[in-house]
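Right, one structure below, let's go through it.
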Amino acid sequence: MSTVLEVEGLRAGYRGVEVLRGVDLEVGKGEKVVVMGPSGSGKSTLLKCIVMLVKPTAGRIVLDGEEITNHGVDLKRVRAKTGFVFQQYNLFPHMTVLRNLTLPLEVVKKVPRKEAERRAMEMLRRFGLEDYAKRYPLQLSGGQQQRVAIARALLMDPVLLLLDEPTSALDPELRREVLEMLFEVAKEGRSMLIVTHELDFAEAAADRIVLMEGGRIIEEGTPDEVFNSPKSELARRFLVELGRGSPGASGRAGPASPSAPPATA
Amino acid sequence: MSDSFSFVLDILPDLAKGLWATLQISLSSYALGMALAIILLPIRAFAPPPLSLFARGYVELFRGTPLLVQLLLIYFGLPSLGLRLDAYTACVVAIGLNSAAYQCEILRSALKGIPEVQFLSAESLGFSTLQIYRYVVLPQALRIAIPALVNELVTLIKESSLASVIGVVELTRRGEYLVAYTFRALEVYAAVALVYLAVCTVASQAARVLEAKLRIPGYEREVSGLI
Ligand SMILES: Nc1ncnc2c1ncn2[C@@H]1O[C@H](COP(=O)(O)OP(=O)(O)OP(=O)(O)O)[C@@H](O)[C@H]1O
Ligand SMILES: [Mg+2]
């Protein structure tokens with residue numbers, strides 16, 4: 001399998017405080033990778049490094065065959081190749097949903113207005129969001145806003161979609177609609193790197209789970225491997241905190257909890 | 001009483017002339033202040049220390065001293081450095097320089113009101129810094145800042161009365177002249193005050209209309225939801 005993302009020996013931090021301490025990670029074409037880990041373990045920083053919103057202090061990142069950590073790389077062009085969805089406030093509140101989608105196409109990809117609008121409406125329709133086209137972001141629910149933000153990211157046809165806890169700012173009843181949309185996106189074969197603590201989603205949609213702790217990856221494997229037989233004590237403890245796995249037991253944790261993956265529409 | 005009323009009607013044309021000068025002074029100095037604030041703001045917010053300290057010092061200096069003293073310095077003080085300004089220019093410059101400090105701070109706090117994710121989102125979509133400001137940051141910041149910016153204009157209309165001190169014949173000075181040859185201080189100054197009040201009220205109301213027009217749809221809900 002060819003890769004869209006290779007991260008090697010990545011280190012980064014803020015004002016001299018090191019937050020990522022040597023991260024190695026690969027994402028294959030079409031692969032869905034879920035990143036989990038306790039608060040402060042560096043998940044958001046890792047995602048931001050991948051689009052160079054945080055500059056690494058060491059290591060290299062190869063995105064879509066291009067080493068973006070090299071000097072002189074046009075970061076605007078690199079960023080336009082990825083999609084990024086944050087926890088909240090993604091959309092520009094002073095423009096309509098439609099304009100939120102067409103603006104990056106026009107400004108970054110130089111698509112003419114009419115064509116941008118056609119593509120944007122098509123994308124909105126695909127996810128049942130067309131009724132919101134003329135509305136303003138703050139007139140939508142948090143879940144609707146996140147779905148529009150994901151649609152906007154997809155409209156740029158990213159080689160890799162990065163999502164940083166896309167549902168964690170939402171009320172439980174609003175999470176489902178966003179997760180269902182993400183399931184749909186996942187099925188289409190888009191490469192995705194998602195930070196989330198939605199166990200059901202991770203289990204059903206992820207090809208691979210990556211657990212982080214203290215700026216390092218401490219465990220990596222298929223959902224079954226990581227959730228049901230974590231190798232390290234740290235991983236076990238974290239899973240217990242998430243309500244998964246049983247404390248104490250080494251090797252195979254107790255029987256998988258009967259949480260069913262959410263219906264996919 | 002009816003005598004006072006007809007007296008005020010009589011002096012209205014004179015006051016109108018004064019008002020015209022007052023508006024010219026306040027609008028010109030407001031525009032000057034805005035232009036300077038737009039230059040000052042990025043220096044204050046983003047430039048490296050020596051420059052940003054200069055901008056900060058500027059803001060502190062003009063906000064920390066009385067406008068009247070600034071005006072006197074510029075009109076009476078600068079000539080000894082070889083720079084002589086006529087009274088009208090001196091007061092536009094003084095009030096403009098002063099207002100720049102306030103407008104800079106208004107814009108700066110509006111910028112701070114924009115969530116960081118807005119910058120990151122635009123950046124992650126591939127926008128250049130210039131494009132981020134043009135399409136995402138400034139349109140939002142200006143909307144946030146409108147009430148405070150209009151308030152600043154209202155303040156300037158009132159503060160421009162200081163120009164009378166150096167002999168610029170604006171609304172207040174007109175009033176002084178009228179008092180000098182009619183000796184009816186109560187009626188004249190009351191009429192002058194009413195004219196200021198009327199103009200400032202109109203400006204505030206216009207601001208309210210403008211604000212409602214430009215308000216980010218759904219923002220009220222967001223804000224009231226927080227309270
Ligand atoms: N802009 C910043 N400036 C300074 N320190 C930061 C900044 N952003 C994050 N940090 C610090 O870096 C560490 C890792 O932060 P990061 O946001 O990557 O963690 P995270 O795993 O995403 O956590 P969470 O689950 O809470 O989102 C934390 O200790 C945090 O305080
Ligand atoms: Mg985070």
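We name chains A, B, ... following the order of the structure tokens; residues begin at 1 in each chain, and ligands are numbered from 1 as shown.
In chain B, the set of residues within 7 Å of chain A (atoms considered: only C-alpha atoms) is Val117, Gln118, Ser121, Ser124, Leu125, Gly126, Phe127, Ser128, Val136, Gln140, Ile216, Pro217, Gly218 and Tyr219 of chain B.
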Neighbours of ligand 1 within 8 Å, counting only C-alpha atoms and all ligand atoms, as a PyMOL selection string? chain A and resi 13-15+17-20+37-46+164-165+212+215
Take the residues that were just selected and, keeping all heavy atoms, output them as a compact mmCIF listing (two decimals), in the first residue's frame.
# COMPACT_ATOMS: atom_id res chain seq x y z
N GLY A 13 7.32 21.63 19.88
CA GLY A 13 6.94 22.16 21.19
C GLY A 13 6.55 23.61 21.09
O GLY A 13 6.46 24.17 20.01
N TYR A 14 6.29 24.19 22.24
CA TYR A 14 5.92 25.60 22.31
C TYR A 14 6.89 26.32 23.23
O TYR A 14 7.05 25.91 24.37
CB TYR A 14 4.50 25.77 22.84
CG TYR A 14 3.47 25.01 22.04
CD1 TYR A 14 3.07 23.73 22.43
CD2 TYR A 14 2.92 25.55 20.89
CE1 TYR A 14 2.12 23.04 21.70
CE2 TYR A 14 1.97 24.87 20.15
CZ TYR A 14 1.58 23.61 20.56
OH TYR A 14 0.65 22.91 19.85
N ARG A 15 7.51 27.37 22.73
CA ARG A 15 8.44 28.17 23.51
C ARG A 15 9.37 27.29 24.35
O ARG A 15 9.45 27.42 25.57
CB ARG A 15 7.68 29.14 24.42
CG ARG A 15 7.24 30.39 23.66
CD ARG A 15 6.32 31.25 24.51
NE ARG A 15 4.97 31.25 23.99
CZ ARG A 15 3.94 30.65 24.58
NH1 ARG A 15 4.08 30.02 25.71
NH2 ARG A 15 2.75 30.70 24.02
N VAL A 17 9.27 24.31 25.36
CA VAL A 17 8.74 23.13 26.05
C VAL A 17 8.40 22.07 25.02
O VAL A 17 7.54 22.28 24.16
CB VAL A 17 7.48 23.48 26.87
CG1 VAL A 17 6.96 22.25 27.60
CG2 VAL A 17 7.77 24.61 27.83
N GLU A 18 9.09 20.93 25.09
CA GLU A 18 8.87 19.91 24.07
C GLU A 18 7.57 19.16 24.33
O GLU A 18 7.30 18.69 25.44
CB GLU A 18 10.05 18.93 24.05
CG GLU A 18 9.99 18.01 22.85
CD GLU A 18 11.35 17.40 22.54
OE1 GLU A 18 11.80 16.56 23.35
OE2 GLU A 18 11.93 17.73 21.49
N VAL A 19 6.74 19.07 23.31
CA VAL A 19 5.44 18.43 23.44
C VAL A 19 5.40 17.11 22.66
O VAL A 19 4.86 16.12 23.13
CB VAL A 19 4.33 19.38 22.95
CG1 VAL A 19 3.02 18.65 22.81
CG2 VAL A 19 4.18 20.56 23.91
N LEU A 20 6.00 17.11 21.47
CA LEU A 20 6.13 15.86 20.72
C LEU A 20 7.58 15.41 20.84
O LEU A 20 8.50 16.16 20.53
CB LEU A 20 5.77 16.06 19.25
CG LEU A 20 4.32 16.43 18.95
CD1 LEU A 20 4.11 16.61 17.44
CD2 LEU A 20 3.37 15.37 19.48
N GLY A 37 -5.65 9.36 23.18
CA GLY A 37 -4.66 9.59 24.22
C GLY A 37 -5.17 10.63 25.19
O GLY A 37 -6.06 11.41 24.85
N PRO A 38 -4.60 10.64 26.40
CA PRO A 38 -5.07 11.58 27.41
C PRO A 38 -4.84 13.03 27.01
O PRO A 38 -4.04 13.33 26.12
CB PRO A 38 -4.26 11.21 28.66
CG PRO A 38 -3.14 10.36 28.19
CD PRO A 38 -3.55 9.75 26.90
N SER A 39 -5.55 13.93 27.67
CA SER A 39 -5.42 15.36 27.41
C SER A 39 -3.98 15.80 27.63
O SER A 39 -3.35 15.41 28.59
CB SER A 39 -6.35 16.11 28.36
OG SER A 39 -6.28 17.48 28.09
N GLY A 40 -3.47 16.57 26.68
CA GLY A 40 -2.12 17.08 26.81
C GLY A 40 -1.06 16.14 26.26
O GLY A 40 0.13 16.43 26.33
N SER A 41 -1.48 15.01 25.68
CA SER A 41 -0.48 14.06 25.19
C SER A 41 0.12 14.49 23.84
O SER A 41 1.06 13.88 23.37
CB SER A 41 -1.10 12.66 25.08
OG SER A 41 -2.25 12.69 24.26
N GLY A 42 -0.45 15.52 23.23
CA GLY A 42 0.16 16.06 22.01
C GLY A 42 -0.58 15.72 20.73
O GLY A 42 -0.05 15.91 19.63
N LYS A 43 -1.82 15.27 20.84
CA LYS A 43 -2.58 14.86 19.65
C LYS A 43 -2.82 16.04 18.71
O LYS A 43 -2.58 15.95 17.51
CB LYS A 43 -3.92 14.23 20.08
CG LYS A 43 -3.78 13.12 21.09
CD LYS A 43 -5.12 12.58 21.54
CE LYS A 43 -6.02 13.59 22.25
NZ LYS A 43 -5.56 14.02 23.57
N SER A 44 -3.31 17.14 19.28
CA SER A 44 -3.58 18.30 18.44
C SER A 44 -2.29 18.85 17.83
O SER A 44 -2.26 19.27 16.67
CB SER A 44 -4.25 19.42 19.25
OG SER A 44 -5.48 18.97 19.75
N THR A 45 -1.25 18.85 18.63
CA THR A 45 0.03 19.35 18.14
C THR A 45 0.51 18.50 16.96
O THR A 45 1.01 19.03 15.96
CB THR A 45 1.07 19.33 19.27
OG1 THR A 45 0.54 20.04 20.39
CG2 THR A 45 2.37 19.97 18.83
N LEU A 46 0.33 17.19 17.07
CA LEU A 46 0.73 16.31 15.96
C LEU A 46 -0.02 16.68 14.68
O LEU A 46 0.59 16.84 13.61
CB LEU A 46 0.44 14.84 16.35
CG LEU A 46 0.64 13.82 15.24
CD1 LEU A 46 2.09 13.78 14.77
CD2 LEU A 46 0.20 12.42 15.70
N ASP A 164 -9.68 17.00 14.26
CA ASP A 164 -9.25 17.07 15.66
C ASP A 164 -10.46 17.14 16.58
O ASP A 164 -11.06 18.19 16.74
CB ASP A 164 -8.35 18.29 15.87
CG ASP A 164 -7.66 18.25 17.24
OD1 ASP A 164 -7.94 17.32 18.02
OD2 ASP A 164 -6.84 19.16 17.50
N GLU A 165 -10.82 16.02 17.14
CA GLU A 165 -11.99 15.92 18.03
C GLU A 165 -13.21 16.63 17.46
O GLU A 165 -13.76 17.54 18.08
CB GLU A 165 -11.65 16.49 19.41
CG GLU A 165 -10.39 15.86 20.00
CD GLU A 165 -10.37 15.89 21.52
OE1 GLU A 165 -11.45 15.67 22.12
OE2 GLU A 165 -9.29 16.10 22.09
N MET A 212 -1.49 7.78 22.08
CA MET A 212 -0.38 8.67 22.44
C MET A 212 -0.38 8.94 23.93
O MET A 212 -1.42 8.94 24.58
CB MET A 212 -0.52 10.01 21.71
CG MET A 212 -0.19 9.92 20.23
SD MET A 212 -0.19 11.55 19.48
CE MET A 212 1.29 12.25 20.18
N GLY A 215 3.61 12.79 24.44
CA GLY A 215 4.32 13.18 23.23
C GLY A 215 4.91 12.03 22.44
O GLY A 215 5.72 12.24 21.54
Please provide as a ChimeraX atom specification all residues within 8 Å of Ile11 of chain B, with the sequence filter that same-chain residues fewer than 4 positions apart are discarded (counting only C-alpha atoms). /B:7,15,178
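Here atom CA of Val137 of chain B stands at a distance of 24.5 Å from atom CA of Leu161 of chain A.
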Write out as a ChimeraX atom specification the set of residues from segment 53-257 of chain A that DSSP, computed on the backbone, places in alpha helix (DSSP H). /A:75-80,97-109,113-126,142-155,172-187,199-205,223-228,233-241
If we count only C-alpha atoms, what is near Ile194 of chain A at a cut-off of 7 Å, once residues fewer than 5 positions away on the same chain are taken out, given as a PyMOL selection string? chain A and resi 33-35+162-164
Next, write the just-selected residues to a file, as a PDB file, in the first residue's frame, keeping C-alpha atoms as the atom set.
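Writing done, so here's part_21.pdb:
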ATOM      1  CA  VAL A  33      -6.237   6.113  11.469  1.00  0.00           C
ATOM      2  CA  VAL A  34      -7.694   7.137  14.830  1.00  0.00           C
ATOM      3  CA  VAL A  35      -5.450   8.865  17.371  1.00  0.00           C
ATOM      4  CA  LEU A 162      -7.386  15.643   9.413  1.00  0.00           C
ATOM      5  CA  LEU A 163     -10.020  15.897  12.136  1.00  0.00           C
ATOM      6  CA  ASP A 164      -9.246  17.071  15.655  1.00  0.00           C
TER       7      ASP A 164
END
Between atom CA of Pro115 of chain B and atom CA of Ile38 of chain B, measure the distance and give it in Å to one decimal. 20.6 Å
Just want the 12 Å neighbourhood of Tyr133 of chain B, counted on only C-alpha atoms, with same-chain residues fewer than 5 positions away dropped. Output as a compact mmCIF listing (two decimals) with N, CA, C and O atoms, in the first residue's frame.
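Just written: result.txt:
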# COMPACT_ATOMS: atom_id res chain seq x y z
N PRO B 42 -0.95 46.93 13.20
CA PRO B 42 -0.08 45.78 12.94
C PRO B 42 1.29 45.93 13.60
O PRO B 42 1.89 44.93 14.02
N LEU B 111 -9.79 42.50 17.32
CA LEU B 111 -9.01 41.39 16.78
C LEU B 111 -8.90 40.26 17.79
O LEU B 111 -9.00 39.08 17.46
N ILE B 114 -11.62 37.57 18.03
CA ILE B 114 -11.81 36.55 17.00
C ILE B 114 -11.08 35.28 17.44
O ILE B 114 -9.89 35.32 17.73
N GLN B 118 -10.26 30.60 13.88
CA GLN B 118 -10.58 31.26 12.62
C GLN B 118 -9.32 31.46 11.77
O GLN B 118 -9.33 31.24 10.57
N PHE B 119 -8.24 31.86 12.43
CA PHE B 119 -6.97 32.02 11.73
C PHE B 119 -6.48 30.65 11.23
O PHE B 119 -6.10 30.49 10.08
N ALA B 122 -8.50 29.20 8.27
CA ALA B 122 -8.18 29.84 7.00
C ALA B 122 -6.78 29.42 6.55
O ALA B 122 -6.56 29.12 5.37
N GLU B 123 -5.86 29.38 7.49
CA GLU B 123 -4.50 28.99 7.14
C GLU B 123 -4.46 27.55 6.64
O GLU B 123 -3.80 27.25 5.65
N PHE B 127 -5.02 29.72 2.72
CA PHE B 127 -5.04 31.18 2.56
C PHE B 127 -3.67 31.75 2.92
O PHE B 127 -3.02 31.28 3.84
N SER B 128 -3.28 32.82 2.22
CA SER B 128 -2.09 33.56 2.62
C SER B 128 -2.47 34.49 3.77
O SER B 128 -3.65 34.72 4.02
N LEU B 138 -10.47 40.93 9.08
CA LEU B 138 -10.92 42.32 9.10
C LEU B 138 -12.45 42.46 9.02
O LEU B 138 -13.03 43.24 9.76
N PRO B 139 -13.13 41.71 8.13
CA PRO B 139 -14.58 41.87 8.10
C PRO B 139 -15.23 41.58 9.45
O PRO B 139 -16.19 42.23 9.84
N GLN B 140 -14.69 40.61 10.16
CA GLN B 140 -15.26 40.30 11.48
C GLN B 140 -14.86 41.35 12.51
O GLN B 140 -15.69 41.79 13.30
N ALA B 141 -13.59 41.74 12.48
CA ALA B 141 -13.11 42.70 13.47
C ALA B 141 -13.85 44.03 13.35
O ALA B 141 -14.25 44.63 14.34
N LEU B 142 -14.07 44.48 12.10
CA LEU B 142 -14.76 45.76 11.91
C LEU B 142 -16.18 45.68 12.44
O LEU B 142 -16.67 46.61 13.06
When you look at Val93 of chain B with a cut-off of 9 Å (counting only C-alpha atoms), what residues show up, excluding the ones that are within fewer than 5 positions of it in the same chain? I need them as a PDB file with N, CA and C atoms, in the first residue's frame.
ATOM      1  N   SER B  28     -12.549  65.088   9.842  1.00  0.00           N
ATOM      2  CA  SER B  28     -11.175  64.998   9.312  1.00  0.00           C
ATOM      3  C   SER B  28     -10.253  64.341  10.320  1.00  0.00           C
ATOM      4  N   SER B  29     -10.373  64.753  11.586  1.00  0.00           N
ATOM      5  CA  SER B  29      -9.454  64.153  12.559  1.00  0.00           C
ATOM      6  C   SER B  29      -9.796  62.684  12.791  1.00  0.00           C
ATOM      7  N   LEU B  32      -8.183  60.899   9.920  1.00  0.00           N
ATOM      8  CA  LEU B  32      -6.734  60.846  10.153  1.00  0.00           C
ATOM      9  C   LEU B  32      -6.418  59.789  11.212  1.00  0.00           C
ATOM     10  N   GLY B  33      -7.209  59.800  12.291  1.00  0.00           N
ATOM     11  CA  GLY B  33      -7.002  58.825  13.370  1.00  0.00           C
ATOM     12  C   GLY B  33      -7.157  57.392  12.882  1.00  0.00           C
ATOM     13  N   LEU B  71      -2.931  69.499  22.293  1.00  0.00           N
ATOM     14  CA  LEU B  71      -3.279  70.542  21.327  1.00  0.00           C
ATOM     15  C   LEU B  71      -2.393  71.780  21.511  1.00  0.00           C
ATOM     16  N   ILE B  74       1.128  71.149  20.247  1.00  0.00           N
ATOM     17  CA  ILE B  74       1.261  71.143  18.791  1.00  0.00           C
ATOM     18  C   ILE B  74       1.116  72.561  18.223  1.00  0.00           C
ATOM     19  N   TYR B  88      -6.528  75.709  12.514  1.00  0.00           N
ATOM     20  CA  TYR B  88      -7.405  74.630  12.052  1.00  0.00           C
ATOM     21  C   TYR B  88      -6.617  73.332  11.869  1.00  0.00           C
ATOM     22  N   ASN B  98      -4.426  61.942  18.610  1.00  0.00           N
ATOM     23  CA  ASN B  98      -5.001  61.429  19.849  1.00  0.00           C
ATOM     24  C   ASN B  98      -5.974  60.287  19.574  1.00  0.00           C
TER      25      ASN B  98
END
Minimum-distance residue to ligand 2, chosen among A:Ile61, A:Ala133, A:Leu47, A:Val226 (using only C-alpha atoms and all ligand atoms):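 Closest candidate: A:Leu47.
With only C-alpha atoms and all ligand atoms as the basis for measurement, A:Met36 is the residue among A:Met36, A:Met121, A:Arg236, A:Arg99 that approaches ligand 2 most closely.
Atom CA of Pro166 of chain A sits 22.6 Å away from atom CA of Glu122 of chain A.
The closest residue to Asp207 of chain A, picked from A:Val185, A:Leu98, A:Val178, A:Val27 and counting only C-alpha atoms, is A:Val27.
When the distance limit is 12 Å and only C-alpha atoms are what count, the residues near Glu176 of chain B, minus those fewer than 6 positions from it on the same chain, are B:Asp14, B:Leu15, B:Gly18, B:Ser161, B:Ser164, B:Val165, B:Gly167, B:Val168, B:Val169, B:Glu170, B:Thr182, B:Phe183, B:Arg184, B:Ala185, B:Leu186, B:Glu187, B:Val188, B:Tyr189, B:Ala190, B:Ala191, B:Val192.
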For ligand 2, which residue among A:Thr167, A:Ser232, A:Leu174, A:Leu242 is the nearest when counting only C-alpha atoms and all ligand atoms?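 Closest candidate: A:Thr167.
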